[in-house]
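S.K.: Take this structure first; my questions come after.
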Amino acid sequence: MGIEDKERWEERYKKGWRSSLHKTLVDFYSLAQVGRALELACGTGENALFLASKGFLVDAIDISCNAIKIAKEEAKRRGLEVNFICADLENYKLSEDTYHLVINFYYLSRDLCPQIVKALKVGGILIFETYNHRHTSLRPDFNPNYLLKEGELLDLFKDLEIIHYREEFNLSTLIAKRKV
């Protein structure tokens with residue numbers, strides 16, 4: 001992400017925008033062994049806090065330090081421990097063979113995908129959901145660089161065992177497991 005993206009997200013969170021808990025996470029998180037989890041582009045941390053409440057040790061990263069501040073305050077209010085990190089994922093190195101669960105909602109960095117696979121432990125679960133090319137029918141101004149092409153998610157994570165895959169209108173969802 002560039003400086004403009006960081007500034008845009010900082011401003012959005014400063015004005016009160018909040019991320020939300022994702023149904024796909026609620027539906028599939030139990031496929032993963034309770035252990036270490038990683039949320040990419042966590043926003044204000046609702047997914048990370050949910051996982052922490054289920055016993056996961058969670059690292060959660062976002063480019064917006066305003067979002068991370070809000071997430072830390074909410075974790076404290078709820079009495080939950082999450083390692084929230086303010087960092088640009090374009091320049092952040094993920095730890096390899098570390099996570100039982102990696103989640104990614106509405107963030108797309110194709111260059112990060114090989115690192116995501118390596119960050120999973122053998123048997124680790126990936127939950128990945130983001131917008132696809134059809135999203136422009138709702139938001140014509142949406143940057144096409146951040147939209148998946150049809151079937152692209154399957155190709156980006158071809159080294160994983162696919163558990164669930166769906167392309168519904170403007171969303172693509174993949175649940176997969178690291179085999180080796």
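Ordering of the structure tokens sets the chain letters (A, B, ...); residue numbers start at 1 within each chain; ligands are numbered from 1 in the order shown.
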Listing only residues of range 23-81 of chain A within 12 Å of range 92-96 of chain A, what is the closest atom pair and its distance in Å (to one decimal) for each, using only C-alpha atoms, sorted by chain and residue number ascending, as JSON lines?
M.R.:
{"residue": "A:Arg36", "atom": "CA", "partner": "A:Ser95", "partner_atom": "CA", "distance": 11.4}
{"residue": "A:Ala37", "atom": "CA", "partner": "A:Ser95", "partner_atom": "CA", "distance": 11.5}
{"residue": "A:Leu38", "atom": "CA", "partner": "A:Leu94", "partner_atom": "CA", "distance": 9.4}
{"residue": "A:Glu39", "atom": "CA", "partner": "A:Leu94", "partner_atom": "CA", "distance": 11.1}
{"residue": "A:Leu40", "atom": "CA", "partner": "A:Leu94", "partner_atom": "CA", "distance": 10.1}
{"residue": "A:Ala41", "atom": "CA", "partner": "A:Tyr92", "partner_atom": "CA", "distance": 11.7}
{"residue": "A:Asp59", "atom": "CA", "partner": "A:Leu94", "partner_atom": "CA", "distance": 10.5}
{"residue": "A:Ala60", "atom": "CA", "partner": "A:Leu94", "partner_atom": "CA", "distance": 11.3}
{"residue": "A:Ile61", "atom": "CA", "partner": "A:Tyr92", "partner_atom": "CA", "distance": 9.4}
{"residue": "A:Asp62", "atom": "CA", "partner": "A:Tyr92", "partner_atom": "CA", "distance": 10.5}
{"residue": "A:Ile63", "atom": "CA", "partner": "A:Tyr92", "partner_atom": "CA", "distance": 10.3}
S.K.: I'd like the neighbourhood of range 136-151 of chain A as a list in words, where a residue qualifies if any of its atoms comes within 8 Å (using only C-alpha atoms), though same-chain residues fewer than 3 positions away should be ignored.
M.R.: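 The residues that qualify are Tyr107, Leu108, Ser109, Thr130, Tyr131, Asn132, His133, Leu154, Asp155, Glu167 and Ser172 of chain A.
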S.K.: List every residue of range 3-180 of chain A that DSSP, applied to the backbone of this structure, places in helix (DSSP H, G or I), and write the result as a count of residues only.
M.R.: 66
S.K.: Measuring between only C-alpha atoms, which one of A:Tyr99, A:Tyr165, A:Phe105, A:Phe128 shows the shortest distance to Ser19 in chain A?
M.R.: A:Phe105
S.K.: Please report the interatomic distance between CA of Lys121 in chain A and CA of Asp159 in chain A in Å with one decimal.
M.R.: 13.3 Å
S.K.: Would you pick out the contacts of Lys14 in chain A at 7 Å or less, using only C-alpha atoms, so that residues sharing its chain but fewer than 3 positions from it are not included, and give the list as a short mmCIF file (atom, residue, chain, number, x, y, z; two decimals) with N, CA and C atoms, in the first residue's frame?
M.R.:
data_model
loop_
_atom_site.label_atom_id
_atom_site.label_comp_id
_atom_site.auth_asym_id
_atom_site.auth_seq_id
_atom_site.Cartn_x
_atom_site.Cartn_y
_atom_site.Cartn_z
N GLU A 10 -6.16 5.76 7.86
CA GLU A 10 -6.03 6.50 9.13
C GLU A 10 -7.22 7.44 9.30
N GLU A 11 -7.55 8.15 8.23
CA GLU A 11 -8.66 9.11 8.28
C GLU A 11 -9.99 8.40 8.49
N ASN A 66 -4.35 4.18 13.96
CA ASN A 66 -5.60 4.57 14.62
C ASN A 66 -6.47 3.34 14.87
#
S.K.: Please provide the set of residues having any atom within 8 Å of Tyr13 in chain A, restricted to only C-alpha atoms, with same-chain residues fewer than 4 positions apart removed, written as a count of residues only.
M.R.: 6
S.K.: Could you check how far CA of Tyr106 in chain A sits from CA of Lys69 in chain A, in Å to one decimal?
M.R.: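 Between these atoms lies a distance of 20.2 Å.
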S.K.: Determine, counting only C-alpha atoms, which protein, DNA and RNA residues have an atom within 10 Å of an atom of Leu101 in chain A; residues of the same chain fewer than 6 positions away are not included. Present the result as a CSV table (one decimal) with C-alpha atoms, in the first residue's frame.
M.R.:
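Okay, this is what ended up in around-v3.csv:
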chain,number,residue,atom,x,y,z
A,29,TYR,CA,-12.6,-21.1,12.7
A,30,SER,CA,-13.3,-24.4,14.5
A,31,LEU,CA,-11.5,-26.3,11.7
A,32,ALA,CA,-8.2,-25.0,13.1
A,33,GLN,CA,-6.5,-26.4,16.1
A,34,VAL,CA,-6.6,-23.8,18.9
A,35,GLY,CA,-3.2,-22.3,19.0
A,36,ARG,CA,-1.5,-19.4,17.3
A,37,ALA,CA,-3.6,-17.3,14.9
A,38,LEU,CA,-2.8,-14.4,12.6
A,39,GLU,CA,-5.2,-11.8,11.2
A,51,LEU,CA,-10.4,-15.7,18.2
A,56,PHE,CA,-6.2,-18.5,20.3
A,58,VAL,CA,-3.5,-13.9,18.2
A,119,ALA,CA,3.3,-18.8,7.8
A,120,LEU,CA,0.9,-21.7,8.3
A,121,LYS,CA,2.0,-24.8,10.3
A,123,GLY,CA,-2.3,-28.8,9.1
A,124,GLY,CA,-2.9,-25.0,9.6
A,125,ILE,CA,-6.0,-23.5,8.2
A,126,LEU,CA,-6.4,-20.4,6.0
A,127,ILE,CA,-9.6,-18.4,5.8
A,177,LYS,CA,-5.3,-26.4,4.8
S.K.: Expressed in Å to a single decimal, how great is the separation between CA of Leu156 in chain A and CA of Arg110 in chain A?
M.R.: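 Computing the Euclidean distance for CA of Leu156 in chain A and CA of Arg110 in chain A yields 7.4 Å.
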